[in-house]
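Shown below: input_13.cif, with mmCIF, C-alpha atoms.
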data_my_file
loop_
_atom_site.label_atom_id
_atom_site.label_comp_id
_atom_site.auth_asym_id
_atom_site.auth_seq_id
_atom_site.Cartn_x
_atom_site.Cartn_y
_atom_site.Cartn_z
CA MET A 1 85.97 133.26 89.41
CA GLN A 2 82.67 131.88 88.15
CA PHE A 3 82.39 130.03 91.38
CA PHE A 4 82.37 133.17 93.50
CA SER A 5 80.21 135.31 91.23
CA GLY A 6 77.15 133.46 92.46
CA SER A 7 77.43 135.21 95.77
CA GLU A 8 76.88 138.62 94.21
CA ILE A 9 73.42 137.68 93.06
CA SER A 10 72.11 136.94 96.52
CA PRO A 11 74.22 138.82 99.03
CA SER A 12 72.42 137.68 102.12
CA PRO A 13 72.52 133.99 102.94
CA PRO A 14 69.19 132.17 103.05
CA ALA A 15 67.96 131.81 106.61
CA PRO A 16 68.47 128.34 108.04
CA THR A 17 65.34 126.27 107.67
CA ALA A 18 63.29 125.29 110.63
CA SER A 19 64.52 121.74 110.43
CA GLY A 20 68.01 123.01 111.26
CA ASN A 21 69.63 121.47 108.23
CA ASN A 22 72.77 123.48 107.85
CA ALA A 23 74.78 121.68 105.25
CA HIS A 24 74.74 122.48 101.58
CA MET A 25 77.13 119.95 100.10
CA MET A 26 79.60 117.29 101.05
CA TYR A 27 82.51 115.85 99.10
CA VAL A 28 84.89 113.04 99.90
CA PHE A 29 88.05 112.74 97.79
CA ASN A 30 90.87 110.31 97.89
CA ARG A 31 94.51 111.12 97.31
CA ASN A 32 94.29 110.68 93.55
CA GLY A 33 91.58 113.26 93.14
CA ILE A 34 88.80 110.77 92.62
CA CYS A 35 85.58 111.97 94.16
CA LEU A 36 84.45 109.08 96.28
CA LEU A 37 81.26 110.67 97.48
CA TYR A 38 79.26 113.76 96.63
CA ARG A 39 76.03 114.68 98.38
CA GLU A 40 74.05 117.87 98.14
CA TRP A 41 71.17 119.04 100.19
CA ASN A 42 70.77 122.64 99.25
CA ARG A 43 72.42 123.96 96.13
CA PRO A 44 70.25 126.37 94.19
CA LEU A 45 73.03 127.64 91.93
CA ARG A 46 75.06 125.31 89.81
CA THR A 47 77.65 126.67 87.42
CA LEU A 48 79.67 123.65 86.31
CA SER A 49 79.19 120.06 85.27
CA ASP A 50 79.80 117.44 87.92
CA HIS A 51 83.18 116.41 86.65
CA GLN A 52 84.43 119.98 86.38
CA ASP A 53 83.01 120.78 89.76
CA HIS A 54 84.94 117.94 91.38
CA LYS A 55 88.13 118.92 89.60
CA LEU A 56 87.70 122.51 90.65
CA MET A 57 87.11 121.59 94.26
CA PHE A 58 90.05 119.24 94.41
CA GLY A 59 92.34 121.68 92.65
CA LEU A 60 91.25 124.51 94.90
CA LEU A 61 92.05 122.57 98.03
CA PHE A 62 95.31 121.27 96.71
CA SER A 63 96.45 124.80 95.91
CA LEU A 64 95.19 126.18 99.19
CA LYS A 65 97.14 123.59 101.07
CA SER A 66 100.37 124.53 99.33
CA LEU A 67 99.63 128.22 99.70
CA THR A 68 98.96 128.05 103.41
CA ALA A 69 102.04 125.96 103.99
CA LYS A 70 104.24 128.41 102.12
CA MET A 71 102.77 131.44 103.86
CA ASP A 72 103.16 129.97 107.30
CA PRO A 73 104.86 132.65 109.38
CA THR A 74 106.02 130.26 112.09
CA SER A 75 107.91 127.92 109.84
CA LEU A 76 111.51 128.13 108.83
CA LYS A 77 110.44 127.83 105.21
CA PHE A 78 108.73 131.20 105.38
CA HIS A 79 111.97 132.88 106.37
CA LEU A 80 113.75 131.17 103.52
CA PHE A 81 110.95 132.26 101.24
CA CYS A 82 111.42 135.89 102.30
CA LEU A 83 115.14 135.58 101.87
CA ASP A 84 114.65 134.25 98.38
CA LEU A 85 112.30 137.09 97.57
CA ILE A 86 114.74 139.70 98.85
CA THR A 87 117.62 138.32 96.85
CA SER A 88 115.59 137.99 93.67
CA TYR A 89 114.15 141.46 94.14
CA SER A 90 117.59 142.93 94.51
CA GLU A 91 118.85 141.04 91.47
CA VAL A 92 116.06 142.49 89.38
CA ASN A 93 116.94 146.00 90.52
CA GLY A 94 120.63 145.40 89.93
CA SER A 95 121.51 146.71 93.35
CA THR A 96 122.71 145.19 96.57
CA ILE A 97 120.19 143.69 98.97
CA ASN A 98 117.65 146.30 99.96
CA CYS A 99 116.26 146.60 103.40
CA GLY A 100 112.99 145.10 104.48
CA PRO A 101 110.25 147.77 104.14
CA ASP A 102 109.40 147.22 100.47
CA LEU A 103 109.22 143.50 100.87
CA LYS A 104 107.13 143.77 104.00
CA MET A 105 104.75 146.03 102.16
CA ILE A 106 104.33 143.53 99.36
CA MET A 107 103.72 140.67 101.74
CA THR A 108 101.18 142.51 103.85
CA PHE A 109 99.38 143.73 100.75
CA LEU A 110 99.13 140.17 99.47
CA ALA A 111 97.87 138.90 102.78
CA VAL A 112 95.23 141.60 103.09
CA PHE A 113 94.16 141.11 99.49
CA CYS A 114 93.62 137.41 100.06
CA SER A 115 91.85 137.86 103.33
CA ASN A 116 89.29 140.15 101.71
CA TYR A 117 88.02 137.14 99.87
CA PHE A 118 88.21 134.60 102.60
CA ILE A 119 89.22 134.26 106.17
CA ILE A 120 91.47 131.27 106.42
CA ASN A 121 91.69 129.45 109.70
CA MET A 122 94.70 127.26 110.07
CA PRO A 123 96.48 125.82 113.06
CA SER A 124 100.14 125.59 112.22
CA HIS A 125 102.60 122.90 113.17
CA HIS A 126 106.10 124.16 113.41
CA SER A 127 108.08 122.42 110.69
CA MET A 128 111.59 121.54 111.67
CA ASP A 129 113.47 121.05 108.45
CA LYS A 130 114.59 123.37 105.71
CA GLY A 131 113.35 121.71 102.56
CA ASN A 132 113.48 123.14 99.09
CA LEU A 133 110.92 125.73 98.14
CA GLY A 134 108.75 124.96 95.19
CA VAL A 135 108.93 121.22 95.85
CA PRO A 136 105.49 119.76 96.50
CA GLN A 137 104.87 119.44 100.18
CA LEU A 138 105.49 116.10 101.79
CA PRO A 139 102.56 115.19 103.99
CA GLY A 140 103.50 115.78 107.57
CA GLN A 141 105.24 119.06 107.05
CA GLY A 142 103.87 122.53 107.15
CA CYS A 143 100.59 123.73 108.52
CA SER A 144 97.19 122.52 107.50
CA PHE A 145 94.21 124.73 106.88
CA HIS A 146 90.78 123.61 108.02
CA SER A 147 88.15 126.08 106.87
CA PHE A 148 87.37 129.24 105.01
CA ARG A 149 84.32 131.41 105.17
CA THR A 150 82.74 133.77 102.66
CA ASN A 151 79.65 135.85 103.12
CA THR A 152 77.36 133.10 101.81
CA TYR A 153 78.95 129.83 102.87
CA LYS A 154 81.60 128.22 104.96
CA LEU A 155 83.77 125.43 103.64
CA SER A 156 85.30 123.06 106.18
CA PHE A 157 87.99 120.65 105.20
CA MET A 158 89.74 117.75 106.80
CA GLU A 159 92.57 115.75 105.36
CA THR A 160 93.98 112.59 106.77
CA PRO A 161 97.59 111.52 106.32
CA SER A 162 96.32 108.77 104.05
CA GLY A 163 95.01 111.35 101.62
CA ILE A 164 91.29 111.13 102.28
CA LYS A 165 89.82 114.62 102.12
CA ILE A 166 86.41 115.40 103.54
CA ILE A 167 84.79 118.70 102.62
CA LEU A 168 81.61 120.13 104.02
CA VAL A 169 79.99 123.31 102.70
CA THR A 170 77.58 124.84 105.17
CA ASN A 171 76.01 128.14 106.04
CA PRO A 172 78.45 130.75 107.31
CA ARG A 173 77.27 130.78 110.88
CA THR A 174 78.38 127.20 111.52
CA GLY A 175 80.97 126.81 114.25
CA ASP A 176 84.13 124.78 114.13
CA LEU A 177 83.36 121.60 112.27
CA ARG A 178 86.49 119.60 112.97
CA GLU A 179 84.79 117.23 115.39
CA PRO A 180 81.90 116.40 113.04
CA LEU A 181 84.40 115.87 110.22
CA LYS A 182 86.30 113.42 112.39
CA TYR A 183 83.03 111.68 113.11
CA ILE A 184 82.30 111.43 109.40
CA TYR A 185 85.76 110.00 108.87
CA ASN A 186 85.05 107.37 111.52
CA LEU A 187 81.85 106.46 109.75
CA TYR A 188 83.78 106.21 106.50
CA VAL A 189 86.22 103.84 108.13
CA GLU A 190 83.60 101.70 109.75
CA HIS A 191 81.38 101.21 106.78
CA VAL A 192 83.42 101.81 103.68
CA VAL A 193 86.95 100.72 104.48
CA LYS A 194 85.87 97.65 106.36
CA ASN A 195 83.47 96.58 103.66
CA PRO A 196 85.08 93.67 101.84
CA LEU A 197 83.11 94.34 98.70
CA TYR A 198 84.43 97.85 98.31
CA THR A 199 87.48 98.47 96.14
CA PRO A 200 89.57 101.35 97.46
CA GLY A 201 89.66 104.17 94.94
CA THR A 202 86.25 103.74 93.45
CA PRO A 203 83.25 105.97 94.12
CA ILE A 204 81.07 104.88 96.97
CA LYS A 205 77.67 103.61 95.93
CA MET B 1 91.90 122.14 120.10
CA PRO B 2 92.22 118.64 118.66
CA PRO B 3 92.70 115.94 121.29
CA VAL B 4 96.30 115.06 122.08
CA ALA B 5 97.32 111.82 120.41
CA PRO B 6 97.80 109.04 122.92
CA ARG B 7 101.40 107.97 123.08
CA SER B 8 100.55 104.40 123.90
CA GLY B 9 97.86 102.32 122.36
CA ASP B 10 96.50 101.06 125.67
CA ALA B 11 93.53 103.35 125.79
CA ILE B 12 92.52 102.59 122.24
CA PHE B 13 93.07 98.90 122.71
CA ALA B 14 90.61 99.00 125.55
CA ASN B 15 88.03 100.62 123.31
CA VAL B 16 88.20 98.68 120.08
CA GLU B 17 86.21 95.57 119.44
CA ARG B 18 88.28 92.54 120.25
CA VAL B 19 88.11 88.95 119.12
CA ASN B 20 89.29 85.92 120.95
CA ALA B 21 93.06 85.60 120.54
CA GLU B 22 92.94 81.88 119.99
CA LEU B 23 90.31 82.24 117.33
CA PHE B 24 92.56 84.73 115.59
CA THR B 25 95.63 82.53 115.86
CA LEU B 26 93.84 79.43 114.66
CA THR B 27 92.19 81.25 111.77
CA TYR B 28 95.54 82.58 110.65
CA GLY B 29 97.04 79.14 110.95
CA ALA B 30 94.27 77.72 108.83
CA ILE B 31 94.88 80.35 106.17
CA VAL B 32 98.59 79.56 105.98
CA ARG B 33 97.90 75.85 105.94
CA GLN B 34 95.45 76.24 103.09
CA LEU B 35 97.87 78.40 101.14
CA LEU B 36 100.54 75.77 101.52
CA THR B 37 98.22 73.12 100.21
CA ASP B 38 97.09 75.26 97.29
CA LEU B 39 100.38 76.71 96.22
CA GLU B 40 102.84 74.09 97.48
CA GLU B 41 105.84 76.34 96.86
CA VAL B 42 107.09 78.06 99.99
CA GLU B 43 108.26 81.13 98.10
CA GLU B 44 104.85 81.50 96.48
CA VAL B 45 103.19 81.29 99.85
CA ASN B 46 105.50 83.97 101.19
CA LYS B 47 104.64 86.24 98.30
CA GLN B 48 100.94 85.59 98.65
CA LEU B 49 101.02 86.34 102.36
CA ASP B 50 102.84 89.57 101.65
CA GLN B 51 100.25 90.53 99.03
CA MET B 52 97.40 89.75 101.41
CA GLY B 53 99.11 91.84 104.04
CA TYR B 54 99.48 94.68 101.57
CA ASN B 55 95.76 94.67 100.81
CA ILE B 56 94.99 94.66 104.50
CA GLY B 57 97.45 97.46 105.19
CA VAL B 58 95.91 99.72 102.57
CA ARG B 59 92.61 99.67 104.45
CA LEU B 60 94.04 99.35 107.91
CA ILE B 61 95.75 102.70 107.76
CA ASP B 62 92.41 104.55 107.64
CA GLU B 63 91.11 102.72 110.64
CA PHE B 64 94.31 103.34 112.47
CA LEU B 65 94.24 107.05 111.72
CA ALA B 66 90.60 107.37 112.65
CA LYS B 67 90.91 105.61 115.98
CA SER B 68 94.26 106.82 117.14
CA HIS B 69 94.07 110.52 116.22
CA VAL B 70 97.77 110.71 115.54
CA SER B 71 98.71 113.74 113.55
CA ARG B 72 101.20 113.52 110.74
CA CYS B 73 104.59 112.28 111.72
CA VAL B 74 107.40 114.66 111.07
CA ASP B 75 110.00 112.07 110.15
CA PHE B 76 110.54 108.38 109.77
CA LYS B 77 111.77 107.95 113.35
CA GLU B 78 108.49 109.16 114.71
CA THR B 79 106.65 106.94 112.25
CA ALA B 80 108.47 103.88 113.48
CA GLU B 81 107.75 104.76 117.09
CA VAL B 82 104.08 105.22 116.36
CA ILE B 83 103.85 101.89 114.53
CA ALA B 84 105.59 100.07 117.33
CA LYS B 85 103.82 101.63 120.27
CA VAL B 86 100.38 102.57 119.06
CA GLY B 87 99.80 100.46 115.98
CA PHE B 88 100.85 97.05 117.20
CA LYS B 89 99.18 97.63 120.52
CA MET B 90 95.94 98.64 118.93
CA PHE B 91 95.64 95.76 116.55
CA LEU B 92 97.52 92.89 118.13
CA GLY B 93 97.72 93.86 121.76
CA ILE B 94 101.51 93.69 121.87
CA THR B 95 104.12 96.39 121.93
CA ALA B 96 107.22 96.33 119.83
CA THR B 97 110.48 98.09 120.43
CA VAL B 98 112.39 100.09 117.87
CA THR B 99 116.11 99.46 117.66
CA ASN B 100 119.03 99.48 115.27
CA TRP B 101 118.69 102.81 113.61
CA ASP B 102 121.12 103.22 110.79
CA ALA B 103 123.18 106.36 110.24
CA GLU B 104 120.75 108.20 107.99
CA GLY B 105 117.66 107.27 109.96
CA THR B 106 116.03 105.46 107.08
CA SER B 107 116.15 101.93 108.37
CA CYS B 108 115.21 100.45 111.70
CA SER B 109 114.24 97.20 113.34
CA LEU B 110 111.02 96.46 115.14
CA VAL B 111 111.49 93.75 117.74
CA LEU B 112 108.47 91.81 118.91
CA GLU B 113 108.86 89.81 122.06
CA ASP B 114 105.71 87.79 121.74
CA ASN B 115 103.56 87.35 118.73
CA PRO B 116 99.95 86.20 118.91
CA LEU B 117 100.06 84.80 115.39
CA VAL B 118 102.48 82.03 116.24
CA ASP B 119 100.99 80.54 119.36
CA PHE B 120 100.87 76.77 119.06
CA VAL B 121 102.87 76.82 115.82
CA GLU B 122 105.84 74.74 114.81
CA LEU B 123 107.34 74.70 111.37
CA PRO B 124 107.80 71.23 109.88
CA ASP B 125 110.97 70.38 107.96
CA THR B 126 109.27 70.68 104.60
CA CYS B 127 108.51 74.36 105.15
CA GLN B 128 111.75 75.70 106.41
CA GLY B 129 111.82 78.66 104.03
CA LEU B 130 108.41 79.89 105.11
CA TYR B 131 108.03 83.28 106.73
CA TYR B 132 105.00 82.44 108.77
CA CYS B 133 104.25 86.03 109.78
CA ASN B 134 104.87 87.53 106.41
CA ILE B 135 101.44 89.03 106.48
CA LEU B 136 102.71 91.52 109.03
CA SER B 137 105.40 92.78 106.72
CA GLY B 138 102.80 93.26 104.00
CA VAL B 139 100.53 95.15 106.36
CA ILE B 140 103.27 97.59 107.32
CA ARG B 141 104.31 98.07 103.73
CA GLY B 142 100.73 98.69 102.57
CA ALA B 143 99.91 101.06 105.37
CA LEU B 144 103.03 103.14 104.91
CA GLU B 145 102.50 103.32 101.19
CA MET B 146 99.15 105.00 101.78
CA VAL B 147 100.89 107.69 103.77
CA SER B 148 103.34 108.34 100.97
CA MET B 149 106.30 106.29 102.17
CA LYS B 150 107.68 103.53 100.01
CA THR B 151 109.28 100.98 102.26
CA GLU B 152 110.78 97.56 102.20
CA VAL B 153 110.02 95.28 105.11
CA THR B 154 111.89 92.04 105.73
CA TRP B 155 112.24 89.56 108.54
CA VAL B 156 115.61 89.46 110.21
CA ARG B 157 114.93 87.13 113.07
CA ASP B 158 112.13 84.63 113.35
CA MET B 159 111.45 82.56 116.44
CA LEU B 160 110.00 79.72 114.43
CA ARG B 161 113.41 79.24 112.91
CA GLY B 162 115.19 79.13 116.19
CA ASP B 163 115.99 82.78 116.97
CA ASP B 164 115.08 84.35 120.26
CA ALA B 165 112.72 87.08 119.08
CA TYR B 166 110.92 88.39 116.05
CA GLU B 167 112.67 91.19 114.29
CA LEU B 168 111.36 93.08 111.30
CA GLN B 169 113.56 95.40 109.38
CA VAL B 170 111.75 98.40 107.96
CA LYS B 171 113.66 100.36 105.38
CA LEU B 172 112.40 103.62 103.95
CA LEU B 173 113.07 103.70 100.23
CA LYS B 174 111.60 107.06 99.50
CA GLN B 175 108.93 109.53 100.47
CA VAL B 176 106.54 110.22 97.67
CA PRO B 177 105.10 113.72 97.84
CA GLU B 178 101.53 114.34 96.77
CA GLU B 179 101.16 115.33 93.20
CA TYR B 180 98.37 117.13 91.46
CA PRO B 181 96.65 114.30 89.65
CA TYR B 182 94.98 116.19 86.83
CA LYS B 183 96.89 117.20 83.76
CA ASP B 184 96.87 120.91 83.09
CA ASP B 185 95.42 120.73 79.63
CA GLU B 186 92.25 118.85 80.63
#
Could you take the file, read its structure, and then write that structure out as structure tokens?
Amino acid sequence: MQFFSGSEISPSPPAPTASGNNAHMMYVFNRNGICLLYREWNRPLRTLSDHQDHKLMFGLLFSLKSLTAKMDPTSLKFHLFCLDLITSYSEVNGSTINCGPDLKMIMTFLAVFCSNYFIINMPSHHSMDKGNLGVPQLPGQGCSFHSFRTNTYKLSFMETPSGIKIILVTNPRTGDLREPLKYIYNLYVEHVVKNPLYTPGTPIK
Amino acid sequence: MPPVAPRSGDAIFANVERVNAELFTLTYGAIVRQLLTDLEEVEEVNKQLDQMGYNIGVRLIDEFLAKSHVSRCVDFKETAEVIAKVGFKMFLGITATVTNWDAEGTSCSLVLEDNPLVDFVELPDTCQGLYYCNILSGVIRGALEMVSMKTEVTWVRDMLRGDDAYELQVKLLKQVPEEYPYKDDE
């Protein structure tokens, strides 16, 4: 929560500078959580040390990925999730399976509560199999989220199947950043991956 | 809307930087020749080629994903198709076919009709145990490991040993889901 409290101090975002530089920070992580690259251009408020900041960012995205996959309304898993909730709810009450309205109320309340804090944009891929709930997601299943926006910043995220995560924090009025993130990934490939002197998994100098 | 992933690698192959095929073949031949001189044991050379291929595969996967825009594959069958049609085409200019699926869908064969690595190559009698193209099996293993699939890749048929085509068997051992790397108490 420390992370979000900064926004209460300055409720209106700073106007974009004349040079048009929109980005605040950029992170690149690999699949083991190692921050390969961190750049900042405009970060007046800093609440955590670098190491904690990276851990927080990585953990946040990891959890958001699992959350969005579980809440995906178009996937079979979501129906199983609801079914599980109904049966556990009825077990707690000691009665037979209740009808939907209570459950629906809980779910909509949760969704509204979360969306007050951020608006999550996620295209969803329909996942075909019925895996176990609570098992960490295999890459390739479930939907993937790509950005969230608060009143002071917008965080855009791209993850590749090989586990490279690119995060860009910009001002809230930025449009869809998926193309620029792909471009950054291409640059990463061209100059970092193809560099014979670079060991994969170490921070980029 | 993200661009639709191309189902064949032709378009990408036309766009990537290419090197002369003969240069590539001869360079590879020189590498194998040098390894044989250095290590002398055919089994050692096989292992070393596999290891080299693994190191290549670990980096290759990023380039492949960046250039080909494929989204995540839903299952192993799709993965094999993508490797055969898009991957081989993009990097070697050949297409492979996927055959011999086993009952659970965890093992398949990739059949290569022609192979640019083995142009002009003949195996002498002293090197009969050598898997000349073992680097390819390492590449596939390394690349798939970076997308969370542990696989085992072996050669079933090898034209340099007298068979009629090259056949690689790719067996999925397990899918490793992503884990949260930090311990909770840190």
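Proximity of A:Thr47, A:Thr202, A:Asn22, A:Ser156 to A:Ser144, computed with all atoms listed in the file, is greatest for A:Ser156.
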**Item:** Atomic separation - atom CA of B:Asp119 relative to atom CA of B:Leu39, Å
**Value:** 23.5 Å
For the interface of chain B with chain A (cut-off 12 Å, counting only C-alpha atoms), please tabulate each contacting residue of chain B alongside its nearest pair of atoms and their separation in Å to one decimal, rows sorted by chain and increasing number, as JSON lines.
{"residue": "B:Met1", "atom": "CA", "partner": "A:Pro123", "partner_atom": "CA", "distance": 9.2}
{"residue": "B:Pro2", "atom": "CA", "partner": "A:Arg178", "partner_atom": "CA", "distance": 8.1}
{"residue": "B:Pro3", "atom": "CA", "partner": "A:Glu179", "partner_atom": "CA", "distance": 10.0}
{"residue": "B:Val16", "atom": "CA", "partner": "A:Glu190", "partner_atom": "CA", "distance": 11.7}
{"residue": "B:Glu17", "atom": "CA", "partner": "A:Glu190", "partner_atom": "CA", "distance": 11.8}
{"residue": "B:Asn55", "atom": "CA", "partner": "A:Pro200", "partner_atom": "CA", "distance": 9.7}
{"residue": "B:Ile56", "atom": "CA", "partner": "A:Lys194", "partner_atom": "CA", "distance": 9.8}
{"residue": "B:Gly57", "atom": "CA", "partner": "A:Val193", "partner_atom": "CA", "distance": 11.0}
{"residue": "B:Val58", "atom": "CA", "partner": "A:Pro200", "partner_atom": "CA", "distance": 8.3}
{"residue": "B:Arg59", "atom": "CA", "partner": "A:Val193", "partner_atom": "CA", "distance": 5.8}
{"residue": "B:Leu60", "atom": "CA", "partner": "A:Val193", "partner_atom": "CA", "distance": 8.0}
{"residue": "B:Ile61", "atom": "CA", "partner": "A:Ser162", "partner_atom": "CA", "distance": 7.1}
{"residue": "B:Asp62", "atom": "CA", "partner": "A:Val189", "partner_atom": "CA", "distance": 6.2}
{"residue": "B:Glu63", "atom": "CA", "partner": "A:Val189", "partner_atom": "CA", "distance": 5.6}
{"residue": "B:Phe64", "atom": "CA", "partner": "A:Val189", "partner_atom": "CA", "distance": 9.2}
{"residue": "B:Leu65", "atom": "CA", "partner": "A:Thr160", "partner_atom": "CA", "distance": 7.4}
{"residue": "B:Ala66", "atom": "CA", "partner": "A:Asn186", "partner_atom": "CA", "distance": 5.7}
{"residue": "B:Lys67", "atom": "CA", "partner": "A:Asn186", "partner_atom": "CA", "distance": 7.6}
{"residue": "B:Ser68", "atom": "CA", "partner": "A:Asn186", "partner_atom": "CA", "distance": 10.8}
{"residue": "B:His69", "atom": "CA", "partner": "A:Lys182", "partner_atom": "CA", "distance": 9.1}
{"residue": "B:Val70", "atom": "CA", "partner": "A:Pro161", "partner_atom": "CA", "distance": 9.3}
{"residue": "B:Ser71", "atom": "CA", "partner": "A:Pro161", "partner_atom": "CA", "distance": 7.6}
{"residue": "B:Arg72", "atom": "CA", "partner": "A:Gly140", "partner_atom": "CA", "distance": 4.5}
{"residue": "B:Cys73", "atom": "CA", "partner": "A:Gly140", "partner_atom": "CA", "distance": 5.5}
{"residue": "B:Val74", "atom": "CA", "partner": "A:Gly140", "partner_atom": "CA", "distance": 5.4}
{"residue": "B:Asp75", "atom": "CA", "partner": "A:Gly140", "partner_atom": "CA", "distance": 7.9}
{"residue": "B:Phe76", "atom": "CA", "partner": "A:Gly140", "partner_atom": "CA", "distance": 10.4}
{"residue": "B:Glu78", "atom": "CA", "partner": "A:Gly140", "partner_atom": "CA", "distance": 10.9}
{"residue": "B:Thr79", "atom": "CA", "partner": "A:Gly140", "partner_atom": "CA", "distance": 10.5}
{"residue": "B:Gly142", "atom": "CA", "partner": "A:Ser162", "partner_atom": "CA", "distance": 11.1}
{"residue": "B:Ala143", "atom": "CA", "partner": "A:Ser162", "partner_atom": "CA", "distance": 8.6}
{"residue": "B:Leu144", "atom": "CA", "partner": "A:Ser162", "partner_atom": "CA", "distance": 8.8}
{"residue": "B:Glu145", "atom": "CA", "partner": "A:Ser162", "partner_atom": "CA", "distance": 8.7}
{"residue": "B:Met146", "atom": "CA", "partner": "A:Ser162", "partner_atom": "CA", "distance": 5.2}
{"residue": "B:Val147", "atom": "CA", "partner": "A:Ser162", "partner_atom": "CA", "distance": 4.7}
{"residue": "B:Ser148", "atom": "CA", "partner": "A:Pro139", "partner_atom": "CA", "distance": 7.5}
{"residue": "B:Met149", "atom": "CA", "partner": "A:Pro139", "partner_atom": "CA", "distance": 9.8}
{"residue": "B:Lys174", "atom": "CA", "partner": "A:Leu138", "partner_atom": "CA", "distance": 11.1}
{"residue": "B:Gln175", "atom": "CA", "partner": "A:Leu138", "partner_atom": "CA", "distance": 7.5}
{"residue": "B:Val176", "atom": "CA", "partner": "A:Leu138", "partner_atom": "CA", "distance": 7.3}
{"residue": "B:Pro177", "atom": "CA", "partner": "A:Leu138", "partner_atom": "CA", "distance": 4.6}
{"residue": "B:Glu178", "atom": "CA", "partner": "A:Leu138", "partner_atom": "CA", "distance": 6.6}
{"residue": "B:Glu179", "atom": "CA", "partner": "A:Pro136", "partner_atom": "CA", "distance": 7.0}
{"residue": "B:Tyr180", "atom": "CA", "partner": "A:Phe62", "partner_atom": "CA", "distance": 7.4}
{"residue": "B:Pro181", "atom": "CA", "partner": "A:Asn32", "partner_atom": "CA", "distance": 5.8}
{"residue": "B:Tyr182", "atom": "CA", "partner": "A:Gly33", "partner_atom": "CA", "distance": 7.7}
{"residue": "B:Lys183", "atom": "CA", "partner": "A:Lys55", "partner_atom": "CA", "distance": 10.7}
{"residue": "B:Asp184", "atom": "CA", "partner": "A:Gly59", "partner_atom": "CA", "distance": 10.6}
{"residue": "B:Glu186", "atom": "CA", "partner": "A:Gln52", "partner_atom": "CA", "distance": 9.8}
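What separates atom CA of A:Lys205 from atom CA of A:Ser49 is a distance of 19.7 Å.
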**Message:** Using Å and a single decimal, report how far atom CA of B:Asp38 sits from atom CA of B:Arg157.
**Reply:**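 Interatomic distance here is 26.6 Å.
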**Request:** Fewer than 5 positions away in the same chain doesn't count, so skip those; otherwise give me all residues within 12 Å of B:Asn100, counting all atoms listed in the file, as a PyMOL selection string.
**Result:** chain B and resi 77+80+105-111+156+167-171
Dump as a compact mmCIF listing (two decimals) with C-alpha atoms, in the frame of the given file all residues having an atom at most 9 Å from (103.8, 90.3, 107.0), computed in the file's coordinates with only C-alpha atoms.
# COMPACT_ATOMS: atom_id res chain seq x y z
CA ASN B 46 105.50 83.97 101.19
CA LEU B 49 101.02 86.34 102.36
CA ASP B 50 102.84 89.57 101.65
CA GLN B 51 100.25 90.53 99.03
CA MET B 52 97.40 89.75 101.41
CA GLY B 53 99.11 91.84 104.04
CA TYR B 54 99.48 94.68 101.57
CA TYR B 131 108.03 83.28 106.73
CA TYR B 132 105.00 82.44 108.77
CA CYS B 133 104.25 86.03 109.78
CA ASN B 134 104.87 87.53 106.41
CA ILE B 135 101.44 89.03 106.48
CA LEU B 136 102.71 91.52 109.03
CA SER B 137 105.40 92.78 106.72
CA GLY B 138 102.80 93.26 104.00
CA VAL B 139 100.53 95.15 106.36
CA ILE B 140 103.27 97.59 107.32
CA ARG B 141 104.31 98.07 103.73
CA VAL B 153 110.02 95.28 105.11
CA THR B 154 111.89 92.04 105.73
CA TRP B 155 112.24 89.56 108.54
**Request:** Select, from A:Thr68, A:Asn30, A:Asn42, A:Ser147, the residue with the minimum atom-to-atom distance to A:Leu181, counting all atoms listed in the file.
**Result:**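 For A:Leu181, the nearest of the candidates is A:Ser147.
Distances to B:Leu173 were evaluated for B:Asp158, B:Asp114, B:Glu152, B:Thr97 using all atoms listed in the file, and the minimum falls at B:Glu152.
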Determine, counting all atoms listed in the file, every residue of protein, DNA or RNA that lies within 7 Å of (91.6, 124.0, 106.2) in the file coordinates, then give the result as a compact mmCIF listing (two decimals) with C-alpha atoms, in the frame of the given file.
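Saved file part03.txt follows:
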# COMPACT_ATOMS: atom_id res chain seq x y z
CA ASN A 121 91.69 129.45 109.70
CA MET A 122 94.70 127.26 110.07
CA SER A 144 97.19 122.52 107.50
CA PHE A 145 94.21 124.73 106.88
CA HIS A 146 90.78 123.61 108.02
CA SER A 147 88.15 126.08 106.87
CA PHE A 148 87.37 129.24 105.01
CA SER A 156 85.30 123.06 106.18
CA PHE A 157 87.99 120.65 105.20
CA MET A 158 89.74 117.75 106.80
**Request:** Kindly resolve the PyMOL selection byres ((chain B and resi 42) around 7) on the present coordinates and return the residues as an MDAnalysis selection string.
**Result:** chainID B and resid 40:41 43:46 127 129:130
